[in-house]
Every structure is written in structure tokens, then in C-alpha cells.
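Participant: Structure file input.cif (mmCIF, C-alpha atoms) right here:
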data_structure
#
loop_
_atom_site.group_PDB
_atom_site.id
_atom_site.type_symbol
_atom_site.label_atom_id
_atom_site.label_comp_id
_atom_site.auth_asym_id
_atom_site.auth_seq_id
_atom_site.Cartn_x
_atom_site.Cartn_y
_atom_site.Cartn_z
ATOM 1 C CA MET A 51 86.364 -196.771 106.565
ATOM 2 C CA ASP A 52 83.890 -199.434 107.717
ATOM 3 C CA PHE A 53 83.866 -202.631 105.653
ATOM 4 C CA GLN A 54 81.318 -204.454 107.825
ATOM 5 C CA PRO A 55 77.912 -205.057 106.145
ATOM 6 C CA THR A 56 75.032 -203.095 107.618
ATOM 7 C CA GLN A 57 71.816 -204.746 108.780
ATOM 8 C CA GLU A 58 70.124 -203.505 105.600
ATOM 9 C CA GLN A 59 72.806 -205.186 103.506
ATOM 10 C CA HIS A 60 72.402 -208.424 105.471
ATOM 11 C CA ASP A 61 68.655 -208.267 104.821
ATOM 12 C CA LEU A 62 69.229 -207.601 101.117
ATOM 13 C CA ARG A 63 71.502 -210.627 100.824
ATOM 14 C CA ALA A 64 69.020 -212.817 102.702
ATOM 15 C CA GLY A 65 66.158 -211.664 100.497
ATOM 16 C CA VAL A 66 68.004 -212.446 97.277
ATOM 17 C CA ARG A 67 69.098 -215.852 98.614
ATOM 18 C CA ALA A 68 65.507 -216.700 99.548
ATOM 19 C CA LEU A 69 64.225 -215.597 96.129
ATOM 20 C CA LEU A 70 66.786 -217.685 94.268
ATOM 21 C CA ALA A 71 66.306 -220.694 96.537
ATOM 22 C CA GLY A 72 62.604 -220.653 95.731
ATOM 23 C CA ARG A 73 62.921 -219.966 92.017
ATOM 24 C CA PHE A 74 66.267 -221.485 91.026
ATOM 25 C CA GLY A 75 67.123 -224.259 93.424
ATOM 26 C CA ARG A 76 68.996 -227.416 92.512
ATOM 27 C CA GLU A 77 66.032 -228.995 90.684
ATOM 28 C CA ALA A 78 65.644 -225.934 88.470
ATOM 29 C CA LEU A 79 69.400 -225.862 87.851
ATOM 30 C CA ARG A 80 69.492 -229.486 86.746
ATOM 31 C CA ALA A 81 66.342 -229.036 84.647
ATOM 32 C CA ALA A 82 67.998 -226.135 82.824
ATOM 33 C CA VAL A 83 71.085 -228.265 82.172
ATOM 34 C CA ASP A 84 69.043 -231.188 80.869
ATOM 35 C CA ALA A 85 66.772 -229.009 78.712
ATOM 36 C CA GLY A 86 69.543 -227.529 76.577
ATOM 37 C CA GLY A 87 68.848 -224.532 74.334
ATOM 38 C CA ASP A 88 68.444 -221.060 75.817
ATOM 39 C CA PRO A 89 68.931 -221.394 79.598
ATOM 40 C CA VAL A 90 67.576 -217.928 80.461
ATOM 41 C CA ASP A 91 64.289 -218.222 82.336
ATOM 42 C CA ARG A 92 62.382 -215.120 81.239
ATOM 43 C CA GLY A 93 60.027 -215.448 84.173
ATOM 44 C CA LEU A 94 62.892 -215.478 86.652
ATOM 45 C CA TRP A 95 64.519 -212.616 84.753
ATOM 46 C CA ARG A 96 61.394 -210.480 85.225
ATOM 47 C CA GLU A 97 61.194 -211.452 88.905
ATOM 48 C CA LEU A 98 64.796 -210.355 89.363
ATOM 49 C CA GLY A 99 63.898 -207.100 87.645
ATOM 50 C CA GLU A 100 60.881 -206.591 89.913
ATOM 51 C CA ALA A 101 63.107 -207.260 92.939
ATOM 52 C CA GLY A 102 65.463 -204.485 91.794
ATOM 53 C CA PHE A 103 68.369 -206.748 90.832
ATOM 54 C CA PHE A 104 69.120 -204.916 87.581
ATOM 55 C CA ALA A 105 68.033 -201.411 88.664
ATOM 56 C CA LEU A 106 69.809 -201.644 92.011
ATOM 57 C CA ARG A 107 72.259 -198.818 91.242
ATOM 58 C CA LEU A 108 69.920 -196.620 89.238
ATOM 59 C CA PRO A 109 68.853 -193.425 91.045
ATOM 60 C CA GLU A 110 65.371 -193.489 92.525
ATOM 61 C CA SER A 111 64.519 -190.517 90.308
ATOM 62 C CA GLU A 112 65.040 -192.826 87.317
ATOM 63 C CA GLY A 113 62.976 -195.654 88.735
ATOM 64 C CA GLY A 114 65.871 -197.474 90.373
ATOM 65 C CA VAL A 115 66.624 -198.579 93.916
ATOM 66 C CA GLY A 116 69.291 -195.953 94.536
ATOM 67 C CA LEU A 117 71.892 -198.228 96.127
ATOM 68 C CA GLY A 118 75.570 -198.616 95.232
ATOM 69 C CA MET A 119 78.240 -201.079 94.218
ATOM 70 C CA PRO A 120 78.672 -202.528 97.743
ATOM 71 C CA GLU A 121 75.059 -203.721 97.633
ATOM 72 C CA ALA A 122 75.409 -204.903 94.032
ATOM 73 C CA VAL A 123 78.321 -207.230 94.803
ATOM 74 C CA LEU A 124 76.305 -208.786 97.642
ATOM 75 C CA VAL A 125 73.385 -209.714 95.399
ATOM 76 C CA PHE A 126 75.681 -210.872 92.589
ATOM 77 C CA GLU A 127 77.503 -213.101 95.045
ATOM 78 C CA GLU A 128 74.184 -214.822 95.754
ATOM 79 C CA ALA A 129 73.486 -215.246 92.038
ATOM 80 C CA GLY A 130 76.923 -216.813 91.609
ATOM 81 C CA ARG A 131 76.288 -219.135 94.514
ATOM 82 C CA ALA A 132 73.093 -220.372 92.825
ATOM 83 C CA LEU A 133 74.707 -220.592 89.354
ATOM 84 C CA VAL A 134 71.916 -218.490 87.831
ATOM 85 C CA PRO A 135 72.481 -218.567 84.055
ATOM 86 C CA GLY A 136 72.247 -215.598 81.748
ATOM 87 C CA PRO A 137 74.021 -212.284 81.116
ATOM 88 C CA LEU A 138 73.330 -210.888 84.576
ATOM 89 C CA VAL A 139 76.232 -208.445 84.534
ATOM 90 C CA ALA A 140 75.487 -207.025 81.094
ATOM 91 C CA THR A 141 71.778 -206.565 81.822
ATOM 92 C CA HIS A 142 72.600 -204.852 85.122
ATOM 93 C CA LEU A 143 75.043 -202.513 83.378
ATOM 94 C CA ALA A 144 72.458 -201.797 80.672
ATOM 95 C CA ALA A 145 69.836 -200.595 83.157
ATOM 96 C CA GLY A 146 69.021 -197.012 82.250
ATOM 97 C CA ILE A 147 70.637 -197.467 78.823
ATOM 98 C CA VAL A 148 68.658 -200.216 77.113
ATOM 99 C CA PRO A 149 64.853 -200.105 77.443
ATOM 100 C CA GLY A 150 63.547 -203.028 79.472
ATOM 101 C CA ALA A 151 66.877 -203.927 81.078
ATOM 102 C CA ALA A 152 66.085 -202.321 84.431
ATOM 103 C CA ASP A 153 62.806 -204.203 84.970
ATOM 104 C CA GLY A 154 64.019 -207.489 83.497
ATOM 105 C CA THR A 155 61.744 -207.459 80.466
ATOM 106 C CA ALA A 156 64.826 -207.351 78.231
ATOM 107 C CA VAL A 157 67.852 -209.647 78.249
ATOM 108 C CA VAL A 158 71.039 -207.765 77.378
ATOM 109 C CA THR A 159 74.406 -209.357 76.692
ATOM 110 C CA ALA A 160 77.760 -207.697 75.961
ATOM 111 C CA PHE A 161 81.060 -208.070 74.118
ATOM 112 C CA ASP A 162 82.678 -209.109 77.369
ATOM 113 C CA LEU A 163 84.677 -212.089 76.115
ATOM 114 C CA ASP A 164 88.163 -211.710 74.699
ATOM 115 C CA GLY A 165 87.890 -212.636 71.018
ATOM 116 C CA PRO A 166 84.948 -212.913 68.619
ATOM 117 C CA LEU A 167 82.604 -214.702 71.069
ATOM 118 C CA VAL A 168 79.371 -213.447 72.623
ATOM 119 C CA ALA A 169 77.533 -215.326 75.369
ATOM 120 C CA HIS A 170 73.736 -215.746 75.284
ATOM 121 C CA LEU A 171 73.434 -213.982 71.932
ATOM 122 C CA GLY A 172 70.649 -216.274 70.730
ATOM 123 C CA GLY A 173 68.348 -215.381 73.610
ATOM 124 C CA ALA A 174 69.277 -211.704 73.954
ATOM 125 C CA ASP A 175 67.214 -208.684 72.998
ATOM 126 C CA ALA A 176 70.218 -206.358 72.759
ATOM 127 C CA VAL A 177 73.988 -206.245 73.012
ATOM 128 C CA LEU A 178 75.540 -203.562 75.195
ATOM 129 C CA GLY A 179 77.668 -201.258 73.065
ATOM 130 C CA ALA A 180 76.232 -202.419 69.732
ATOM 131 C CA ARG A 181 73.600 -201.166 67.350
ATOM 132 C CA GLY A 182 71.193 -204.029 66.939
ATOM 133 C CA LEU A 183 71.943 -207.712 67.304
ATOM 134 C CA PRO A 184 74.967 -208.905 65.324
ATOM 135 C CA ALA A 185 74.744 -212.140 63.376
ATOM 136 C CA GLY A 186 76.444 -215.043 65.063
ATOM 137 C CA VAL A 187 77.266 -218.679 64.528
ATOM 138 C CA PRO A 188 76.664 -221.037 67.471
ATOM 139 C CA VAL A 189 79.784 -222.708 68.830
ATOM 140 C CA ARG A 190 80.073 -225.376 71.490
ATOM 141 C CA SER A 191 80.597 -224.004 74.994
ATOM 142 C CA VAL A 192 82.359 -225.747 77.863
ATOM 143 C CA ASP A 193 79.498 -224.616 80.116
ATOM 144 C CA PRO A 194 76.109 -226.090 79.153
ATOM 145 C CA LEU A 195 74.374 -223.033 80.639
ATOM 146 C CA THR A 196 76.442 -220.425 78.773
ATOM 147 C CA PRO A 197 75.753 -220.756 75.037
ATOM 148 C CA LEU A 198 78.285 -218.982 72.824
ATOM 149 C CA HIS A 199 78.120 -217.443 69.359
ATOM 150 C CA ARG A 200 80.982 -216.429 67.116
ATOM 151 C CA VAL A 201 80.416 -212.989 65.577
ATOM 152 C CA ALA A 202 82.161 -211.065 62.826
ATOM 153 C CA GLU A 203 81.274 -207.565 64.044
ATOM 154 C CA ARG A 204 82.083 -206.411 67.544
ATOM 155 C CA GLY A 205 81.038 -203.423 69.592
ATOM 156 C CA ASP A 206 82.800 -201.716 72.472
ATOM 157 C CA ALA A 207 82.209 -202.600 76.128
ATOM 158 C CA ALA A 208 85.371 -200.859 77.388
ATOM 159 C CA LEU A 209 83.408 -198.142 79.187
ATOM 160 C CA HIS A 210 81.934 -200.767 81.496
ATOM 161 C CA ARG A 211 84.992 -202.995 81.858
ATOM 162 C CA ASP A 212 85.933 -202.183 85.457
ATOM 163 C CA GLU A 213 82.373 -202.432 86.766
ATOM 164 C CA GLY A 214 81.767 -205.568 84.725
ATOM 165 C CA ALA A 215 84.944 -207.137 86.063
ATOM 166 C CA LEU A 216 83.978 -206.408 89.677
ATOM 167 C CA LEU A 217 80.435 -207.752 89.317
ATOM 168 C CA THR A 218 81.764 -210.867 87.595
ATOM 169 C CA ALA A 219 84.253 -211.244 90.439
ATOM 170 C CA ALA A 220 81.298 -211.210 92.853
ATOM 171 C CA LEU A 221 79.676 -214.032 90.877
ATOM 172 C CA GLN A 222 82.929 -215.971 91.104
ATOM 173 C CA VAL A 223 83.109 -215.439 94.859
ATOM 174 C CA GLY A 224 79.595 -216.795 95.271
ATOM 175 C CA SER A 225 80.546 -219.915 93.336
ATOM 176 C CA ALA A 226 83.780 -220.311 95.339
ATOM 177 C CA LEU A 227 81.875 -220.126 98.631
ATOM 178 C CA ARG A 228 79.285 -222.599 97.402
ATOM 179 C CA THR A 229 81.926 -225.171 96.474
ATOM 180 C CA VAL A 230 83.346 -224.826 99.990
ATOM 181 C CA GLU A 231 79.905 -225.748 101.323
ATOM 182 C CA LEU A 232 79.629 -228.703 98.938
ATOM 183 C CA ALA A 233 83.084 -229.995 99.873
ATOM 184 C CA VAL A 234 82.544 -229.675 103.630
ATOM 185 C CA ARG A 235 79.133 -231.334 103.437
ATOM 186 C CA TYR A 236 80.451 -234.271 101.426
ATOM 187 C CA ALA A 237 83.492 -234.641 103.693
ATOM 188 C CA ALA A 238 81.176 -234.877 106.703
ATOM 189 C CA GLU A 239 78.835 -237.406 105.091
ATOM 190 C CA ARG A 240 81.189 -239.693 103.166
ATOM 191 C CA GLU A 241 82.866 -242.381 105.276
ATOM 192 C CA GLN A 242 86.047 -244.373 104.707
ATOM 193 C CA PHE A 243 87.441 -246.927 107.161
ATOM 194 C CA GLY A 244 84.550 -246.178 109.489
ATOM 195 C CA ARG A 245 85.255 -242.432 109.711
ATOM 196 C CA PRO A 246 84.034 -239.353 107.791
ATOM 197 C CA VAL A 247 86.649 -238.441 105.185
ATOM 198 C CA GLY A 248 86.702 -234.938 106.654
ATOM 199 C CA ALA A 249 88.415 -236.367 109.723
ATOM 200 C CA PHE A 250 91.504 -237.117 107.658
ATOM 201 C CA GLN A 251 94.086 -234.350 107.780
ATOM 202 C CA ALA A 252 94.619 -234.088 104.027
ATOM 203 C CA VAL A 253 90.908 -233.519 103.361
ATOM 204 C CA ALA A 254 90.530 -231.116 106.292
ATOM 205 C CA HIS A 255 93.477 -229.053 105.062
ATOM 206 C CA LEU A 256 92.049 -228.971 101.540
ATOM 207 C CA CYS A 257 88.721 -227.636 102.790
ATOM 208 C CA ALA A 258 90.492 -225.060 104.975
ATOM 209 C CA GLU A 259 92.524 -223.834 102.014
ATOM 210 C CA MET A 260 89.339 -223.502 99.974
ATOM 211 C CA LEU A 261 87.728 -221.353 102.661
ATOM 212 C CA VAL A 262 90.778 -219.091 102.944
ATOM 213 C CA ARG A 263 90.933 -218.686 99.180
ATOM 214 C CA ALA A 264 87.253 -217.755 98.963
ATOM 215 C CA GLU A 265 87.308 -215.338 101.903
ATOM 216 C CA VAL A 266 90.403 -213.521 100.622
ATOM 217 C CA ALA A 267 88.682 -213.021 97.278
ATOM 218 C CA ARG A 268 85.468 -211.957 98.971
ATOM 219 C CA THR A 269 87.331 -209.355 101.035
ATOM 220 C CA ALA A 270 89.018 -207.992 97.909
ATOM 221 C CA VAL A 271 85.688 -207.720 96.078
ATOM 222 C CA CYS A 272 83.977 -205.958 98.985
ATOM 223 C CA ALA A 273 86.896 -203.570 99.436
ATOM 224 C CA ALA A 274 86.943 -202.668 95.743
ATOM 225 C CA ALA A 275 83.191 -202.090 95.832
ATOM 226 C CA VAL A 276 83.552 -199.665 98.756
ATOM 227 C CA THR A 277 86.610 -197.762 97.506
ATOM 228 C CA GLY A 278 85.631 -197.658 93.826
ATOM 229 C CA ASP A 279 89.298 -197.966 92.891
ATOM 230 C CA ALA A 280 89.834 -199.401 89.399
ATOM 231 C CA GLY A 281 93.084 -201.107 90.351
ATOM 232 C CA GLU A 282 91.445 -202.830 93.288
ATOM 233 C CA ALA A 283 88.632 -204.018 91.012
ATOM 234 C CA VAL A 284 91.186 -205.600 88.681
ATOM 235 C CA ALA A 285 92.935 -207.295 91.601
ATOM 236 C CA ALA A 286 89.590 -208.532 92.934
ATOM 237 C CA LYS A 287 88.746 -210.113 89.581
ATOM 238 C CA LEU A 288 92.111 -211.868 89.489
ATOM 239 C CA LEU A 289 91.690 -213.240 93.014
ATOM 240 C CA ALA A 290 88.054 -214.230 92.480
ATOM 241 C CA ASP A 291 88.825 -216.100 89.259
ATOM 242 C CA GLY A 292 91.540 -218.039 91.048
ATOM 243 C CA ALA A 293 89.215 -218.792 93.964
ATOM 244 C CA ALA A 294 86.329 -219.997 91.801
ATOM 245 C CA VAL A 295 88.457 -222.233 89.572
ATOM 246 C CA GLY A 296 90.747 -223.447 92.351
ATOM 247 C CA ASN A 297 87.895 -224.220 94.740
ATOM 248 C CA ALA A 298 85.908 -226.099 92.115
ATOM 249 C CA ARG A 299 88.944 -228.249 91.357
ATOM 250 C CA ASP A 300 89.590 -228.926 95.043
ATOM 251 C CA CYS A 301 85.911 -229.692 95.557
ATOM 252 C CA LEU A 302 86.212 -232.315 92.825
ATOM 253 C CA GLN A 303 89.192 -233.740 94.685
ATOM 254 C CA VAL A 304 87.235 -233.978 97.945
ATOM 255 C CA HIS A 305 84.371 -235.747 96.166
ATOM 256 C CA GLY A 306 86.716 -238.244 94.557
ATOM 257 C CA GLY A 307 85.220 -240.237 91.695
ATOM 258 C CA MET A 308 81.712 -238.970 92.485
ATOM 259 C CA GLY A 309 82.739 -235.420 91.683
ATOM 260 C CA PHE A 310 83.459 -236.252 88.060
ATOM 261 C CA THR A 311 79.989 -237.640 87.346
ATOM 262 C CA TRP A 312 77.361 -235.694 85.403
ATOM 263 C CA GLU A 313 74.934 -236.009 88.314
ATOM 264 C CA ALA A 314 77.170 -234.027 90.673
ATOM 265 C CA ASP A 315 76.948 -230.222 90.520
ATOM 266 C CA VAL A 316 80.646 -229.601 91.067
ATOM 267 C CA HIS A 317 81.552 -229.724 87.384
ATOM 268 C CA LEU A 318 78.966 -227.024 86.657
ATOM 269 C CA HIS A 319 80.737 -224.643 89.027
ATOM 270 C CA LEU A 320 84.084 -225.407 87.419
ATOM 271 C CA LYS A 321 82.805 -224.895 83.880
ATOM 272 C CA ARG A 322 81.058 -221.641 84.752
ATOM 273 C CA ALA A 323 84.191 -220.430 86.554
ATOM 274 C CA TRP A 324 86.250 -221.117 83.426
ATOM 275 C CA VAL A 325 83.882 -219.018 81.302
ATOM 276 C CA ARG A 326 83.674 -216.143 83.792
ATOM 277 C CA ALA A 327 87.464 -216.077 84.031
ATOM 278 C CA GLU A 328 87.448 -215.040 80.359
ATOM 279 C CA GLN A 329 84.833 -212.314 80.793
ATOM 280 C CA TRP A 330 85.502 -208.575 81.155
ATOM 281 C CA ARG A 331 89.121 -209.116 82.196
ATOM 282 C CA THR A 332 91.196 -212.254 81.745
ATOM 283 C CA ALA A 333 93.984 -213.150 84.153
ATOM 284 C CA ALA A 334 96.591 -211.983 81.628
ATOM 285 C CA GLN A 335 94.822 -208.647 81.157
ATOM 286 C CA ALA A 336 94.446 -208.170 84.905
ATOM 287 C CA GLU A 337 98.102 -208.962 85.547
ATOM 288 C CA GLU A 338 99.196 -206.586 82.788
ATOM 289 C CA SER A 339 96.978 -203.812 84.176
ATOM 290 C CA LEU A 340 98.284 -204.271 87.714
ATOM 291 C CA ALA A 341 101.885 -204.426 86.545
ATOM 292 C CA ARG A 342 101.416 -201.197 84.589
ATOM 293 C CA GLU A 343 99.874 -199.485 87.618
ATOM 294 C CA LEU A 344 102.723 -200.603 89.868
ATOM 295 C CA LEU A 345 105.307 -199.499 87.340
ATOM 296 C CA GLU A 346 103.711 -196.091 86.898
ATOM 297 C CA GLY A 347 103.629 -195.699 90.667
ATOM 298 C CA ALA A 348 107.307 -196.622 90.954
ATOM 299 C CA VAL A 349 108.310 -194.252 88.166
ATOM 300 C CA GLY A 350 106.229 -191.483 89.730
ATOM 301 C CA ALA A 351 107.895 -192.032 93.089
ATOM 302 C CA GLU A 352 111.338 -191.896 91.492
ATOM 303 C CA GLY A 353 110.447 -188.658 89.742
ATOM 304 C CA ALA A 354 109.112 -187.112 92.933
ATOM 305 C CA GLU A 355 112.420 -187.867 94.644
ATOM 306 C CA GLY A 356 114.346 -186.224 91.839
ATOM 307 C CA GLY A 357 115.708 -189.449 90.362
ATOM 308 C CA ALA A 358 115.812 -190.283 86.701
ATOM 309 C CA GLY A 359 113.683 -193.386 87.158
ATOM 310 C CA PRO A 360 114.612 -196.973 86.386
ATOM 311 C CA ASP A 361 116.264 -197.909 83.087
ATOM 312 C CA LEU A 362 113.835 -200.321 81.432
ATOM 313 C CA THR A 363 115.819 -200.809 78.238
ATOM 314 C CA VAL A 364 117.552 -204.075 77.404
ATOM 315 C CA GLY A 365 120.954 -203.852 75.807
ATOM 316 C CA PRO A 366 124.668 -203.828 76.395
ATOM 317 C CA GLY A 367 125.999 -202.122 79.487
ATOM 318 C CA PRO A 368 127.969 -198.861 79.493
ATOM 319 C CA ALA A 369 131.206 -198.767 77.542
ATOM 320 C CA GLY A 370 133.942 -200.388 79.511
ATOM 321 C CA GLY A 371 131.465 -202.061 81.864
ATOM 322 C CA SER A 372 131.288 -205.787 82.505
#
Show me, as C-alpha cells, the structure contained in the file I just sent.
Facilitator:
Amino acid sequence: MDFQPTQEQHDLRAGVRALLAGRFGREALRAAVDAGGDPVDRGLWRELGEAGFFALRLPESEGGVGLGMPEAVLVFEEAGRALVPGPLVATHLAAGIVPGAADGTAVVTAFDLDGPLVAHLGGADAVLGARGLPAGVPVRSVDPLTPLHRVAERGDAALHRDEGALLTAALQVGSALRTVELAVRYAAEREQFGRPVGAFQAVAHLCAEMLVRAEVARTAVCAAAVTGDAGEAVAAKLLADGAAVGNARDCLQVHGGMGFTWEADVHLHLKRAWVRAEQWRTAAQAEESLARELLEGAVGAEGAEGGAGPDLTVGPGPAGGS
């Protein structure tokens, strides 16, 4: 099985990066943060739709691009790198289900957060898995570009959970790789005692650990996209969440006091990573799912060998035992 990107996939990634750099660069990101309110740029949303971002995996016979999950995680990685706000995953999953989602004329969110919260409800045209838009009360979000609403009625997004988790993992990987770039750039530019801070071993090691963390997560996401295995998708989400949050924190450390200022972009990556870590599958849910899969595999192996399987009960030992 070949996990190396093809030339077409390289070109797809480059095209999406160029589009986002032109339409949602740093100035647009900061303007969205300062503006408050609904951060979804409807114009950009339609441009993403025209570029095939949401219809990427729809068959050509249905007006889509006809590509697969490996290509989808590449373009979502670029969106995560740019911190594009909005329910990208839900709208992508709604293509072919909700009218207007495929071409970006509709913004679709989902019940992807654990608990009674829905992201981007105020600016959405539909909620995946729900009939109509539920009423919601705005609540303060840790991420200024991910508005949240508390709702009383919830729908069901379970059918899309594995795909949603993998696409969200790709967004996290993009953010993790971007914070590596930010840390390395700052370490090369910032000087202490007449030397770039990146020349100091502690900073160099921190940046190296960030890169390893991001690349491990990226490999897991790409592998899960190719194999289509649900367990691998869960593991990829767990690794990507850890990479995005961990790298943002380490990037803050490299920046020192500058990293904690509102003007720096590092805190935006950390806050978005926190929110995404709660979407589609939390760390606790992912760990529980993986543990269950491992246990079922162990029990199945025991049964195949003719054993009775492990005793998972907790209680006193056999009579007469110690």
C-alpha cells in the first residue's frame, strides 16, 4: 500500500493553500477576530464550494469532484493551517444531503460537541441530523472564532462520527504544523545574549519535539484516510488533538511573554485546538473506543485458541486461595 502523495494530490494541496492565502491570510484572520459576531465569510464559503472543497467526495454523477478521503484530509489540513473559521466538517459531510452544502451556498453545522452545545448555530442554514434549526442561547466560547449556542433539543450525528473525527483530526494537524512554523521562525529571529534563541539547546529540542508530534499525527491521519479503518480514525483524532494542543502550548513557550499577547496568533491556534478536541470524539471517547477494540481483539484471540478468555470480574479469589 502506497502512502506517498501523488503529484495530483500535491497540486490539490498547493491550490487550496494558494486560495486560502489569498482569501484568508493573516490580515483577514485578525479582522475576523476583531469584528466579533458571525465569523463565517459567506463569500469565502462560496469560493470554497466552487473550488470543490465541500463536494470533494461526491461522485461526479452527482455534481461532485469524485475524489476520496485521502484528498479530503489534505485540503482540510490546509484549512486548519489557516485557521479558517466555520463548520467546515459539517458542511462537507452534508454535501449531497442538505441543499446548497456542496456548492457552499449553505452553511451547515452539526451536533458534534459532547453536551448541549452547537457551534456556529447563529450563522447556519441547517444542522446535520436535525429537522430545522433548533433554538439556542448564545454562550461565551473560549475561541473568538467559534461561537457557541446552548440548545435544548439535539439531533443525531452518530452516522458521521468517524468521518467527522478524521476530518477534524486533519484540521488539527494543519494547526499543529503551522505552530511549528511559527515557533521555528520566532526562534530564528528573536535574539538573546547576541544569539538567536533557536541556537539554545532547550529551544531547539522543543521545536524538534513539536515537529515529531505533528508528523506522527499527520502520518496517522493519512493512514486512516487510506485504509478507511474506523479504529485508525479514532487513533488519528486522539494523536492530532494532542499534537494541536501540545504544539500550541510549546509554541507559546518558545515565544515567551510575546506569545501570551492578544496581537500574537499563537493563542488562536490553542483556543481552536481546545474546541476541536471536543468535537466528534473527545479524548475520553477515543480512548474508550480504542480500549474496547483492543479488548474485543484479545477476547477473540483467546476464543480462537480455545481458551475461556480473561476473567474481567473483580471480587474475591477462589475458595482457599490467597
Participant: By how many Å are CA of Val157 (chain A) and CA of Leu318 (chain A) apart?
Facilitator: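 Pair CA of Val157 (chain A) / CA of Leu318 (chain A) returns 22.3 Å.
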Participant: Can you turn the PyMOL selection byres ((chain A and resi 139) around 9) into a concrete residue list for this file, as a list in words?
Facilitator: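 Applied to this file, the PyMOL selection byres ((chain A and resi 139) around 9) returns Phe104, Phe126, Gly136, Pro137, Leu138, Ala140, Thr141, His142, Leu143, Ala144, Val158, Thr159, Ala160, Glu213, Gly214, Ala215, Leu217 and Thr218 of chain A.
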Participant: Using only C-alpha atoms for the distances, tell me which of A:Arg181, A:Val148, A:Ala254, A:Arg299 is nearest to Arg235 (chain A).
Facilitator: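 When distances to Arg235 (chain A) are compared using only C-alpha atoms, the smallest one comes from A:Ala254.
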Participant: Out of A:Ala323, A:Ala314, A:Leu70, A:Leu216, which residue has the shortest atom-to-atom distance to Val83 (chain A) when counting only C-alpha atoms?
Facilitator: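 Using only C-alpha atoms, the shortest distance to Val83 (chain A) belongs to A:Ala314.
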Participant: My list of candidates is A:Leu167, A:Ala290, A:Val192, A:Ala145. Which is closest to Arg263 (chain A) when distances are computed with all atoms listed in the file?
Facilitator: A:Ala290
Participant: Find the distance between CA of Pro149 (chain A) and CA of Ala129 (chain A) and write it in Å to one decimal.
Facilitator: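 CA of Pro149 (chain A) sits 22.7 Å away from CA of Ala129 (chain A).
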Participant: A:Ala68, A:Asn297, A:Leu62, A:Gly205: which is nearest Leu256 (chain A), counting all atoms listed in the file?
Facilitator: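 Closest to Leu256 (chain A), using all atoms listed in the file: A:Asn297.
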Participant: Taking only C-alpha atoms into account, name the residue in A:Gly86, A:His199, A:Cys272, A:Gly150 that is nearest to Gly165 (chain A).
Facilitator: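 Of A:Gly86, A:His199, A:Cys272, A:Gly150, the one nearest Gly165 (chain A) is A:His199, counting only C-alpha atoms.
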Participant: Output region 76-81 of chain A from the block with all heavy atoms, as a CSV table (one decimal), in the first residue's frame?
Facilitator:
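So result.csv came out as:
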chain,number,residue,atom,x,y,z
A,76,ARG,N,-3.3,36.4,7.1
A,76,ARG,CA,-3.3,36.8,8.5
A,76,ARG,C,-4.2,38.1,8.7
A,76,ARG,O,-4.8,38.2,9.7
A,76,ARG,CB,-1.9,37.1,8.9
A,76,ARG,CG,-1.8,37.5,10.4
A,76,ARG,CD,-0.4,37.7,10.9
A,76,ARG,NE,-0.4,37.9,12.3
A,76,ARG,CZ,-0.7,39.0,13.0
A,76,ARG,NH1,-1.0,40.1,12.2
A,76,ARG,NH2,-0.7,39.1,14.3
A,77,GLU,N,-4.2,39.0,7.7
A,77,GLU,CA,-5.0,40.2,7.9
A,77,GLU,C,-6.4,39.9,8.0
A,77,GLU,O,-7.2,40.4,8.8
A,77,GLU,CB,-4.7,41.2,6.8
A,77,GLU,CG,-3.3,41.8,6.8
A,77,GLU,CD,-3.1,42.8,5.7
A,77,GLU,OE1,-4.1,43.1,5.0
A,77,GLU,OE2,-2.0,43.4,5.6
A,78,ALA,N,-6.9,38.9,7.2
A,78,ALA,CA,-8.3,38.5,7.2
A,78,ALA,C,-8.6,37.8,8.5
A,78,ALA,O,-9.7,38.0,9.1
A,78,ALA,CB,-8.6,37.7,6.0
A,79,LEU,N,-7.7,37.0,9.0
A,79,LEU,CA,-7.9,36.3,10.3
A,79,LEU,C,-8.0,37.3,11.4
A,79,LEU,O,-9.0,37.2,12.2
A,79,LEU,CB,-6.7,35.4,10.5
A,79,LEU,CG,-6.6,34.7,11.9
A,79,LEU,CD1,-7.7,33.7,12.1
A,79,LEU,CD2,-5.2,34.0,12.1
A,80,ARG,N,-7.1,38.2,11.5
A,80,ARG,CA,-7.2,39.2,12.6
A,80,ARG,C,-8.4,40.1,12.5
A,80,ARG,O,-9.0,40.5,13.5
A,80,ARG,CB,-5.9,40.1,12.6
A,80,ARG,CG,-4.7,39.3,12.8
A,80,ARG,CD,-4.7,38.4,14.1
A,80,ARG,NE,-5.0,39.1,15.3
A,80,ARG,CZ,-4.7,38.7,16.5
A,80,ARG,NH1,-3.9,37.7,16.7
A,80,ARG,NH2,-5.1,39.4,17.6
A,81,ALA,N,-8.8,40.4,11.2
A,81,ALA,CA,-10.0,41.2,11.0
A,81,ALA,C,-11.3,40.5,11.5
A,81,ALA,O,-12.2,41.1,12.1
A,81,ALA,CB,-10.2,41.6,9.6
